[in-house]
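> Have a look at this one.
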Number of protein chains: 4
Amino acid sequence: MTYRAGVVGAAGFAGIELVRLLSRHPKFDLAAATSDALAGTPIAKAYPAFTGVTDLAFSTHEDTDFAAFDVVFLAVPHKAAMGLAPALIEAGVTVIDLSADFRLKDPAVYEQWYAPHTATDLLAQAAFGLPELTGDELAAAAARRAAGEAVLVGCAGCYPTATSLAAAPAIRAGLVDAAAPVVADAISGVTGAGKKATERTHYCFANENLEAYGVGTHRHTPEIEQILGLEGRLVFTPHLAPLNRGLLSTVTLPPAPGVKAPTTEELVEIYRDFYAESPLVSVMDAGVQPRTASVAGTVRAQVGVAAHPTGMIVATGAIDNLGKGAAGQAVQCANIVFGMPETTGLEEIADPV
Amino acid sequence: MTYRAGVVGAAGFAGIELVRLLSRHPKFDLAAATSDALAGTPIAKAYPAFTGVTDLAFSTHEDTDFAAFDVVFLAVPHKAAMGLAPALIEAGVTVIDLSADFRLKDPAVYEQWYAPHTATDLLAQAAFGLPELTGDELAAAAARRAAGEAVLVGCAGCYPTATSLAAAPAIRAGLVDAAAPVVADAISGVTGAGKKATERTHYCFANENLEAYGVGTHRHTPEIEQILGLEGRLVFTPHLAPLNRGLLSTVTLPPAPGVKAPTTEELVEIYRDFYAESPLVSVMDAGVQPRTASVAGTVRAQVGVAAHPTGMIVATGAIDNLGKGAAGQAVQCANIVFGMPETTGLEEIADPV
Amino acid sequence: MTYRAGVVGAAGFAGIELVRLLSRHPKFDLAAATSDALAGTPIAKAYPAFTGVTDLAFSTHEDTDFAAFDVVFLAVPHKAAMGLAPALIEAGVTVIDLSADFRLKDPAVYEQWYAPHTATDLLAQAAFGLPELTGDELAAAAARRAAGEAVLVGCAGCYPTATSLAAAPAIRAGLVDAAAPVVADAISGVTGAGKKATERTHYCFANENLEAYGVGTHRHTPEIEQILGLEGRLVFTPHLAPLNRGLLSTVTLPPAPGVKAPTTEELVEIYRDFYAESPLVSVMDAGVQPRTASVAGTVRAQVGVAAHPTGMIVATGAIDNLGKGAAGQAVQCANIVFGMPETTGLEEIADPV
Amino acid sequence: MTYRAGVVGAAGFAGIELVRLLSRHPKFDLAAATSDALAGTPIAKAYPAFTGVTDLAFSTHEDTDFAAFDVVFLAVPHKAAMGLAPALIEAGVTVIDLSADFRLKDPAVYEQWYAPHTATDLLAQAAFGLPELTGDELAAAAARRAAGEAVLVGCAGCYPTATSLAAAPAIRAGLVDAAAPVVADAISGVTGAGKKATERTHYCFANENLEAYGVGTHRHTPEIEQILGLEGRLVFTPHLAPLNRGLLSTVTLPPAPGVKAPTTEELVEIYRDFYAESPLVSVMDAGVQPRTASVAGTVRAQVGVAAHPTGMIVATGAIDNLGKGAAGQAVQCANIVFGMPETTGLEEIADPV
């Protein structure tokens, strides 16, 4: 048995990565990939990696009969997703949303960072899609879906995914000061800036350059704070570096007062226990750091952790921002919600070089 | 039914790509990956892309009982392969060789470019592995293997593959002057220079640089001449550019005298007919050029062709030098020799961005 | 004594490189940098490399009193330059044009590739700006300028510069067949595609990719043919590679019938004699190939030449497409026209790494 | 009047950048460039950027009569410099050392991170070379040199330079908690890893990758702590990114208790006052972040600063690790010590693209 799947907003970077993953998925049949801007254009013409792979063309959202679908992935901009999701859910279609619209549990926080939320009912029932940390929410959604209900998953963003995978085991083990600030400095490849051709994404400006951006203002801040319970304590600074895919988050965590500081080896052990049931997250040996190249093109994550001489814990998380940070994680969530092993169709291994 | 497969020289770039491809192949079971230099080292330690994927460690060639294998891929340097192949064939193991040792039909030519050939008997029976152009040889080898014989395939090199895929349809259609010189200018990514850390492969020297090399002396010259029947007429100049994977060959072909020059559209038609049965080669629309990024990480190839105002034919071929140019093509050849669809285990789609 | 200089179209890539070079030139005082789109914007805001270097802002063309200038560099698009030049010359201002408008001697050829020429009088008196090959034209212009006349230089394009520097010594020495086709395959960095943010210049599409473009249709074709006397015989194929600055042209030249083929060492000697008076062009030792990284950021050029076993001559030219291929060469031409040593203000050495 | 200058260890990346800068310096005459490994090799052969620029060859240290020099730059590894400096000082030669050997004021700290110090007398009199922060030490050294004494400067390292330029103005203004930890996450280009060809510097491993390294163990930690007065409070994590030149340090500074938190605009003002006399450091406008590309190839630095909603101060410093982070800063220090304007010979502007 297979499921009929569609991608809305398929011409963007996360959307087209969904198309790639679903093109080879054994259980999800990609039946529609919409893009209002490119409707009618063969996917292979817009993205020549699909030459000889598929004859599918982009369609419009309007012309697609989504009621006949089992699952729809929304890879549309923030604010657009909350406009589309209600009708789909209404029609009995499970929705996996990659935007920010269903990530923040508190509509007031959403409004503060984005706009007034227009689908708060749905928001209340959305599962947060970061399987290694929100397995319970996704399991509950899977149970509801198995019972015939259309469910909604709001998938975690790229920075929140890498940062939370790095920090959560230490925080949940009670090793981190619950009052002190946490610093997360993260670096992203340029696919994170999206498909739009701008000065920022011009090859000649992005190449051979490093820069911070969105200092103190990046919208992933409340999401990370929500996942990790860091309300008002997160100093998150994203950076741009010259590569296509890859996101590395380095998190410096203050030690919980009165708790004996673990060694690096003990931290690795704690982290490995934490991720023992998570096939897509690898905790590196003590002294070994994650490499984004080792997870590029995949949904895998690598996490490193070290005890710093100051007593701080330095944890690092490496993902592909389009893979575990977007499309790959969305498929992982869909797998779970549809009762499949979470790695179904996601077994790719990164190019070793 | 699956086949027991081994990779000899698995720690090099072509070798480790074989490990990657065979790790997920449905019919070949990767049972050994040898590297005398790294014997005992877990593959995932040397190449962290395999972290969480495999626990296999590199073994020595000596300690591996290859007689129990169905197929062995040789990813060793030129001259080493002809030392290893005879014993394997003798032991009934089919050998897929990625080196130059069994590519050149004439031992005298091999000696001129490399060294005296020490396994000329095997050379005489080796099939040349470039499936789209040597299907007959590979079909014959498959028949022999099906009859219980161990067979040997000498896979085409990276530059010969891209260059020949671009030029062969025009040449075989009689459109090319059989006496005039043919110019092939090709550009390769740095994985083509191999794993050894040298000044040439140092990031800071390769990055932001373009250069030609091996002008008039590159060892792939006789191989291209052999495939295309260009003895003494090929001017082949390779170049190095700053990227990991990708090889583009631009071939300028003089028109056959007295033959009406086809238009670009007619050329595209001729090329598409030529590759009609080749699922891994795509011929681009008239006016569209191949992109190496669109085949990176895969065994696919893209070919473009244009009628030049001067009457010359300009054909371009894009491959991943480690994919269609090495490991991917080796697996493709093995698939054929073992009677499977040639794309088995090779369905990957390049990252669209 | 210094000269008052202006740059028109200063916000483009060639224009801003002119601003950089003129900012430190000992004899040309940069007094205006125009950009209608960015008028009023400080240069340092648009191009932060100028932070702390200059307070100059872009001005509009209209608001700039060019009559008070000694020299104006036109870094505007093709077709715009021939609209601006006449008034400047009329006003007694020497014009160094970086566009194609005053390169092609024959207005009919210009019309065929661009548009009807609207300043054919000026075209007839324009000097062609590629000093190593057109020293006479530039010397004559310098003499006219010294006599009080405003003169016009149409500077060579990037591909023509690299290709001609590589090919001219062999051709002018009579070593090249005057009837056979010449193949020039050239590779450019992405600054060659200009400042406009497009899909083509998007980091994620240009990075890790190689492709040919403009096969048989690139507008630099007639210019190269004009310089080298190759009318209708040039097969020129440009390629794009992932780097900012750098252009390498590999030219394959058929030997003149009846002429004894020189060895590589003899060719190097011939080339070195040819460039003996050209301080900015270096001919590499036999067996050594030019590297674009070694001239990046400068107006220097490196040329390599080799005798190919087939009898062909393979010559390579490496430049910075914005340096010797555009702004640097324009300043070199201006230096000559104003009677200075051609290297004045152009002594930069490329980053060795 | 000019000064006779030599570079010891000239074949490494910092050494060859010194050669580049001194080749065009108006007051320092580069008279010797030593490299025991490459002695006798023309510089232009090892680093082809010098083709056509200089005929100088590398010499051995032994064969060079340094007593006849005014200044020698030591670009040798840590521990080697303290072996060479005493004899040079003894001979009356001023020494500008780029290694770590004369940076740490306390020999015990040096011993803890490197080895027992063998020239503690010299260490006591060495000036610390980071002109914007240690102007007094350098002025004193200049006075001593003017009085006929040979002086020694231990130049700051690359990470300490960028990190300290970013953090010092806030710390010295009393805005930072003197007891809380400071987090510095820095990113470097690959030239920072040096000339040695290793797996780490192999193009194919460094390209398209991000990783942290030396977590909790990097030797620049005590140097940053010394400059900023952060003993035992610095959490410094360096990262490697795929570019040649560029280093960005992002420093998160806890606010001093009881001090009214300045706005970003106020911080910018404080920083601009701090660097008012420093022509090579630019403080970016509020909301604008430094770009390493904008200082690449130069000795300039860009600094950004922002007030974070949490009350923390986030400061960023961008330099070229070989420029302001090594060779450029060494020449800047030498300029000061020899009584010249600090920017002498260092006026280069980064490539705007």
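Just remember, in the structure tokens the first chain shown is A, the second B, etc., residues are 1-based per chain, and ligands are 1-based in the order shown.
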At a cut-off of 8 Å, which residues of chain D touch chain C? Count only C-alpha atoms and give the answer as a ChimeraX atom specification.

/D:13,16-17,20,47-53,191,244,279-282,291,293-295,297,349-353

> Skip Leu98 of chain B itself and residues of its chain fewer than 3 positions away, then list as number ranges by chain all residues within 10 Å of it, counting only C-alpha atoms.

B: 14-15, 73-78, 81, 95, 101-103, 129, 153-158, 325-327, 329-330

> Could you tell me, as a PyMOL selection string, which residues of segment 30-214 of chain C DSSP assigns to alpha helix (DSSP H) when given the backbone?

chain C and resi 43-46+81-90+107-113+120-125+135-146+158-172+203-206

> Looking at A:Glu132, A:Thr161, A:Gly229, A:Leu175, which one is nearest to Lys260 of chain A, with distances taken over only C-alpha atoms?

A:Leu175

> Hey, what's within 10 Å of Arg233 of chain A if we count only C-alpha atoms and toss same-chain stuff fewer than 6 positions away? As a compact mmCIF listing (two decimals) with N, CA and C atoms, in the first residue's frame, please?


```txt
# COMPACT_ATOMS: atom_id res chain seq x y z
N ALA A 178 19.59 26.65 35.04
CA ALA A 178 18.27 27.01 34.52
C ALA A 178 18.02 28.52 34.53
N ALA A 179 19.00 29.29 34.97
CA ALA A 179 18.80 30.74 35.03
C ALA A 179 19.78 31.52 34.17
N ALA A 180 20.87 30.91 33.80
CA ALA A 180 21.93 31.65 33.10
C ALA A 180 21.71 31.63 31.59
N PRO A 181 22.29 32.59 30.90
CA PRO A 181 22.13 32.62 29.45
C PRO A 181 22.88 31.49 28.75
N VAL A 182 22.33 31.13 27.62
CA VAL A 182 22.92 30.10 26.75
C VAL A 182 23.28 30.76 25.43
N VAL A 183 24.49 30.52 24.97
CA VAL A 183 24.94 31.11 23.71
C VAL A 183 24.93 30.06 22.62
N THR A 221 14.81 32.30 17.16
CA THR A 221 15.08 32.42 18.60
C THR A 221 13.94 31.88 19.46
N GLU A 225 14.06 28.62 22.03
CA GLU A 225 13.73 28.81 23.45
C GLU A 225 12.59 27.89 23.89
N PRO D 309 18.77 41.60 23.07
CA PRO D 309 17.60 41.70 23.94
C PRO D 309 17.82 41.11 25.34
N THR D 310 18.69 40.12 25.45
CA THR D 310 18.96 39.53 26.77
C THR D 310 19.80 40.44 27.66
N GLY D 311 20.34 41.51 27.08
CA GLY D 311 21.24 42.37 27.83
C GLY D 311 22.70 42.11 27.52
N MET D 312 22.96 40.98 26.86
CA MET D 312 24.34 40.68 26.47
C MET D 312 24.76 41.64 25.35
```

> Residues within 8 Å of Ala57 of chain B, please, as a list of chain:residue names. Count only C-alpha atoms; anything in the same chain fewer than 6 positions from it doesn't count.

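My list of contacting residues is B:Ala33, B:Ala39, B:Gly40, B:Thr41, B:Pro42, B:Ile43, B:Ala44.
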
> What lies within 8 Å of Ala142 of chain B using only C-alpha atoms, ignoring chain neighbours under 3 positions off, as a PyMOL selection string?

chain B and resi 138-139+145-146+336-339
